[in-house]
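Structure file upload_15.tsv; described as TSV, C-alpha atoms.
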```tsv
chain	number	residue	atom	x	y	z
A	1	MET	CA	11.55	-15.41	-78.06
A	2	ILE	CA	11.32	-14.61	-81.77
A	3	GLY	CA	14.46	-13.91	-83.79
A	4	VAL	CA	17.05	-14.85	-81.16
A	5	ASN	CA	20.54	-15.85	-82.28
A	6	TRP	CA	21.24	-18.40	-79.54
A	7	ALA	CA	24.69	-19.06	-81.03
A	8	VAL	CA	25.99	-15.70	-79.78
A	9	ALA	CA	24.35	-15.73	-76.35
A	10	ASP	CA	26.64	-15.39	-73.35
A	11	TRP	CA	26.07	-18.53	-71.28
A	12	PRO	CA	27.39	-19.03	-67.75
A	13	ARG	CA	30.75	-20.77	-67.70
A	14	GLY	CA	30.42	-24.55	-67.57
A	15	LYS	CA	26.66	-24.50	-68.32
A	16	SER	CA	25.17	-26.02	-71.43
A	17	LEU	CA	22.53	-24.21	-73.43
A	18	PHE	CA	19.95	-26.81	-72.44
A	19	ALA	CA	20.68	-26.32	-68.75
A	20	CYS	CA	19.61	-22.70	-69.16
A	21	ILE	CA	16.58	-22.86	-71.47
A	22	GLY	CA	13.59	-24.95	-72.44
A	23	PHE	CA	10.43	-24.10	-74.30
A	24	PHE	CA	6.83	-25.30	-74.11
A	25	ASP	CA	4.08	-23.81	-76.24
A	26	TYR	CA	6.35	-20.90	-77.30
A	27	SER	CA	7.25	-19.26	-80.57
A	28	VAL	CA	10.95	-19.48	-81.34
A	29	SER	CA	10.52	-18.55	-85.00
A	30	TYR	CA	13.27	-16.80	-86.99
A	31	SER	CA	15.92	-17.90	-84.48
A	32	THR	CA	19.23	-19.66	-84.99
A	33	PHE	CA	20.87	-22.53	-83.16
A	34	ILE	CA	23.70	-22.94	-85.70
A	35	GLY	CA	26.48	-25.21	-84.40
A	36	LEU	CA	25.14	-25.41	-80.85
A	37	SER	CA	24.93	-28.50	-78.68
A	38	VAL	CA	21.38	-28.40	-77.38
A	39	ARG	CA	21.30	-32.05	-76.44
A	40	GLY	CA	18.03	-32.96	-74.73
A	41	ILE	CA	16.36	-29.62	-75.43
A	42	ASN	CA	12.60	-29.47	-74.94
A	43	ILE	CA	10.67	-27.57	-77.60
A	44	PRO	CA	7.28	-29.33	-77.61
A	45	ARG	CA	4.12	-27.72	-78.96
A	46	CYS	CA	6.07	-24.73	-80.27
A	47	VAL	CA	6.05	-22.65	-83.41
A	48	ALA	CA	9.57	-22.86	-84.83
A	49	ARG	CA	9.18	-21.36	-88.31
A	50	GLU	CA	12.30	-20.45	-90.27
A	51	VAL	CA	14.64	-21.58	-87.48
A	52	ASP	CA	18.18	-22.58	-88.47
A	53	PHE	CA	19.37	-25.77	-86.74
A	54	SER	CA	22.34	-26.29	-89.09
A	55	GLU	CA	25.21	-28.29	-87.56
A	56	ALA	CA	23.47	-28.35	-84.18
A	57	ASN	CA	23.35	-31.35	-81.86
A	58	LEU	CA	19.69	-32.06	-81.08
A	59	THR	CA	20.32	-35.54	-79.67
A	60	LEU	CA	17.43	-36.61	-77.40
A	61	ALA	CA	15.49	-33.43	-78.28
A	62	ASN	CA	11.75	-33.34	-77.56
A	63	CYS	CA	10.24	-31.66	-80.62
A	64	THR	CA	6.76	-33.16	-80.36
A	65	PHE	CA	3.86	-31.33	-81.97
A	66	THR	CA	6.05	-28.42	-83.11
A	67	ASP	CA	5.56	-26.54	-86.39
A	68	PHE	CA	8.89	-26.42	-88.26
A	69	SER	CA	7.69	-24.66	-91.42
A	70	LYS	CA	10.69	-23.45	-93.49
A	71	SER	CA	13.16	-24.41	-90.75
A	72	ARG	CA	16.62	-25.56	-91.80
A	73	PHE	CA	18.20	-28.85	-90.77
A	74	LEU	CA	21.64	-29.34	-92.36
A	75	HIS	CA	24.26	-31.66	-90.84
A	76	THR	CA	22.09	-31.69	-87.72
A	77	ASN	CA	22.34	-34.55	-85.25
A	78	LEU	CA	18.78	-35.66	-84.48
A	79	THR	CA	19.76	-38.96	-82.85
A	80	GLU	CA	16.96	-40.32	-80.64
A	81	GLY	CA	15.02	-37.07	-80.99
A	82	ASP	CA	11.23	-37.18	-80.88
A	83	PHE	CA	9.37	-35.45	-83.72
A	84	SER	CA	6.07	-37.25	-83.08
A	85	GLY	CA	3.22	-34.97	-84.10
A	86	ALA	CA	5.66	-32.36	-85.46
A	87	THR	CA	4.63	-30.75	-88.75
A	88	ASP	CA	5.99	-29.03	-91.84
A	89	TYR	CA	9.62	-30.06	-91.38
A	90	SER	CA	11.89	-30.55	-94.35
A	91	ILE	CA	14.70	-32.85	-93.27
A	92	ASN	CA	17.05	-34.39	-95.82
A	93	ALA	CA	17.73	-37.90	-94.50
A	94	SER	CA	21.07	-38.01	-96.33
A	95	LEU	CA	22.40	-34.76	-94.85
A	96	ASN	CA	21.40	-35.24	-91.20
A	97	VAL	CA	21.86	-37.92	-88.51
A	98	LEU	CA	18.53	-39.67	-87.86
A	99	LYS	CA	19.57	-42.68	-85.79
A	100	GLY	CA	16.60	-43.75	-83.65
A	101	THR	CA	14.69	-40.53	-84.36
A	102	LYS	CA	10.90	-40.78	-83.94
A	103	PHE	CA	8.52	-39.37	-86.55
A	104	SER	CA	4.76	-39.70	-87.04
A	105	LEU	CA	4.00	-41.90	-90.04
A	106	GLY	CA	2.10	-39.36	-92.14
A	107	GLU	CA	4.60	-36.53	-91.78
A	108	ALA	CA	7.57	-38.90	-92.10
A	109	MET	CA	6.75	-39.24	-95.78
A	110	SER	CA	8.40	-35.83	-96.21
A	111	LEU	CA	11.74	-37.50	-95.38
A	112	LEU	CA	11.56	-39.20	-98.77
A	113	SER	CA	11.19	-35.92	-100.69
A	114	SER	CA	14.97	-35.39	-100.85
A	115	TRP	CA	15.41	-38.56	-102.87
A	116	ASP	CA	14.53	-38.84	-106.54
A	117	ILE	CA	11.96	-41.60	-106.11
A	118	ILE	CA	8.35	-42.17	-107.02
A	119	LEU	CA	5.97	-43.67	-104.50
A	120	ALA	CA	3.12	-45.67	-105.97
A	121	ASP	CA	0.07	-47.11	-104.29
A	122	PRO	CA	-0.81	-50.38	-106.08
A	123	ALA	CA	-4.43	-49.97	-105.07
A	124	THR	CA	-4.74	-46.70	-106.99
A	125	SER	CA	-2.06	-47.00	-109.69
A	126	GLY	CA	-4.52	-47.91	-112.42
A	127	CYS	CA	-3.13	-51.40	-112.94
A	128	GLN	CA	-5.87	-53.99	-113.21
A	129	ALA	CA	-5.32	-57.71	-112.69
```
structure tokens encoding of this file:
Amino acid sequence: MIGVNWAVADWPRGKSLFACIGFFDYSVSYSTFIGLSVRGINIPRCVAREVDFSEANLTLANCTFTDFSKSRFLHTNLTEGDFSGATDYSINASLNVLKGTKFSLGEAMSLLSSWDIILADPATSGCQA
């Protein structure tokens, strides 16, 4: 399923995108979900490199253990989504909705990269008491 533009797919009348598709251990790289409501979509353990999720609704999405290298999240609703174990995502916390979204602690540090801040570890900062 590489390189699919899901935004132009012809879906059955009255059916949501999620009602028609779900992924598990797939590659959906180089695809686009721009502006789509894919509420509750399941894309666990996938490779989703360079996927465009701009302005999509990924509320309640299961994105666990998925590789999001170079994927785009811009004005994306990630409310109550689960990104536990997901890797290589670059999500600007100021430009996306992250209400109740789950992230693994180590990878969640990348959420801070969009802000002009410096993180310091007092144990290794060189300051001696």
Near Ala61 in chain A, within 8 Å and counting only C-alpha atoms, which residues show up once chain neighbours fewer than 5 positions away are dropped, as a list in words?
-> Val38, Arg39, Gly40, Ile41, Asn42, Ile43, Leu78, Glu80, Gly81 and Asp82 of chain A
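Take CA of Asp88 in chain A and CA of Ser54 in chain A: the distance between them is 16.8 Å.
Residues within 9 Å of Tyr26 in chain A, counting all atoms listed in the file and excluding same-chain residues fewer than 3 positions away, are Met1, Phe23, Ile43, Pro44, Arg45, Cys46, Val47 and Ala48 of chain A.
By chain and then residue number, the residues within 10 Å of Ala7 in chain A are Val4, Asn5, Ala9, Asp10, Trp11, Leu17, Ser31, Thr32, Phe33, Ile34, Gly35, Leu36, Ser37 and Ala56 of chain A, counting all atoms listed in the file and disregarding those fewer than 2 positions away in sequence.
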Shortest contact to Ile91 in chain A, candidates A:Ser69, A:Ser110, A:Ser27, A:Asn77, atoms counted all atoms listed in the file, goes to A:Ser110
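Put simply, CA of Phe53 in chain A is 11.6 Å away from CA of Tyr89 in chain A.
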If you count only C-alpha atoms, the residue of A:Leu119, A:Ser94, A:Asp67, A:Arg72 closest to Glu107 in chain A turns out to be A:Asp67
Using CA of Phe83 in chain A and CA of Thr66 in chain A as the two end points, give the distance in Å to one decimal.
-> 7.8 Å
Could you tell me which of A:Leu58, A:Ile117, A:Met109, A:Val8 comes closest to Val97 in chain A if we count all atoms listed in the file?
-> A:Leu58
Can you pull out every residue within 8 Å of Tyr30 in chain A, counting all atoms listed in the file, but drop anything in the same chain fewer than 6 positions away, and send it as an MDAnalysis selection string?
-> chainID A and resid 2:4 48:52
Best match for closeness to Phe68 in chain A among A:Val28, A:Lys102, A:Ser114, A:Asn96, counting all atoms listed in the file = A:Val28
Of A:Lys70, A:Cys63, A:Asn92, A:Gly100, the one nearest to Leu112 in chain A when counting all atoms listed in the file is A:Asn92
From the block I gave, I'd like range 5-70 of chain A written with C-alpha atoms, as an mmCIF file, in the first residue's frame.
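Written file, part18.cif:
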```
data_model
loop_
_atom_site.group_PDB
_atom_site.id
_atom_site.type_symbol
_atom_site.label_atom_id
_atom_site.label_comp_id
_atom_site.auth_asym_id
_atom_site.auth_seq_id
_atom_site.Cartn_x
_atom_site.Cartn_y
_atom_site.Cartn_z
ATOM 1 C CA ASN A 5 -3.401 9.110 -2.067
ATOM 2 C CA TRP A 6 -6.268 8.107 0.225
ATOM 3 C CA ALA A 7 -7.750 11.610 -0.085
ATOM 4 C CA VAL A 8 -8.892 10.922 -3.662
ATOM 5 C CA ALA A 9 -10.137 7.365 -3.150
ATOM 6 C CA ASP A 10 -13.752 6.665 -4.073
ATOM 7 C CA TRP A 11 -15.385 5.412 -0.864
ATOM 8 C CA PRO A 12 -18.844 3.849 -0.710
ATOM 9 C CA ARG A 13 -21.542 6.405 0.056
ATOM 10 C CA GLY A 14 -22.110 6.822 3.780
ATOM 11 C CA LYS A 15 -18.971 4.852 4.744
ATOM 12 C CA SER A 16 -16.063 6.388 6.578
ATOM 13 C CA LEU A 17 -12.506 5.713 5.531
ATOM 14 C CA PHE A 18 -11.890 3.793 8.750
ATOM 15 C CA ALA A 19 -14.861 1.528 8.122
ATOM 16 C CA CYS A 20 -13.156 0.396 4.919
ATOM 17 C CA ILE A 21 -9.477 0.071 5.872
ATOM 18 C CA GLY A 22 -7.123 -0.816 8.688
ATOM 19 C CA PHE A 23 -3.477 -1.753 8.711
ATOM 20 C CA PHE A 24 -1.338 -4.050 10.837
ATOM 21 C CA ASP A 25 2.336 -4.646 10.132
ATOM 22 C CA TYR A 26 2.042 -2.941 6.702
ATOM 23 C CA SER A 27 3.995 -0.307 4.845
ATOM 24 C CA VAL A 28 1.920 2.753 4.043
ATOM 25 C CA SER A 29 4.941 4.922 3.222
ATOM 26 C CA TYR A 30 4.739 7.841 0.772
ATOM 27 C CA SER A 31 0.950 8.012 1.146
ATOM 28 C CA THR A 32 -1.327 10.934 1.930
ATOM 29 C CA PHE A 33 -4.276 11.278 4.268
ATOM 30 C CA ILE A 34 -4.555 15.070 3.868
ATOM 31 C CA GLY A 35 -7.806 16.434 5.309
ATOM 32 C CA LEU A 36 -9.384 13.031 5.905
ATOM 33 C CA SER A 37 -11.323 11.929 8.957
ATOM 34 C CA VAL A 38 -9.747 8.602 9.837
ATOM 35 C CA ARG A 39 -11.033 8.594 13.385
ATOM 36 C CA GLY A 40 -10.122 5.367 15.168
ATOM 37 C CA ILE A 41 -7.847 4.102 12.396
ATOM 38 C CA ASN A 42 -5.549 1.212 13.274
ATOM 39 C CA ILE A 43 -2.004 1.466 11.943
ATOM 40 C CA PRO A 44 0.023 -0.444 14.557
ATOM 41 C CA ARG A 45 3.466 -1.896 13.851
ATOM 42 C CA CYS A 46 3.576 -0.238 10.433
ATOM 43 C CA VAL A 47 6.170 1.600 8.400
ATOM 44 C CA ALA A 48 4.673 5.011 7.639
ATOM 45 C CA ARG A 49 7.640 6.957 6.255
ATOM 46 C CA GLU A 50 7.003 10.267 4.518
ATOM 47 C CA VAL A 51 3.233 10.042 4.995
ATOM 48 C CA ASP A 52 1.274 13.308 4.994
ATOM 49 C CA PHE A 53 -1.351 13.486 7.753
ATOM 50 C CA SER A 54 -1.882 17.259 7.427
ATOM 51 C CA GLU A 55 -5.310 18.461 8.585
ATOM 52 C CA ALA A 56 -6.463 14.878 9.150
ATOM 53 C CA ASN A 57 -8.552 13.720 12.093
ATOM 54 C CA LEU A 58 -6.694 10.856 13.777
ATOM 55 C CA THR A 59 -8.764 10.954 16.967
ATOM 56 C CA LEU A 60 -8.532 7.601 18.811
ATOM 57 C CA ALA A 61 -5.981 6.313 16.272
ATOM 58 C CA ASN A 62 -3.869 3.288 17.209
ATOM 59 C CA CYS A 63 -0.375 4.156 15.963
ATOM 60 C CA THR A 64 1.572 1.939 18.359
ATOM 61 C CA PHE A 65 5.055 0.804 17.371
ATOM 62 C CA THR A 66 4.873 2.515 13.962
ATOM 63 C CA ASP A 67 7.849 4.179 12.247
ATOM 64 C CA PHE A 68 6.854 7.727 11.212
ATOM 65 C CA SER A 69 10.215 8.844 9.804
ATOM 66 C CA LYS A 70 9.798 12.094 7.806
#
```
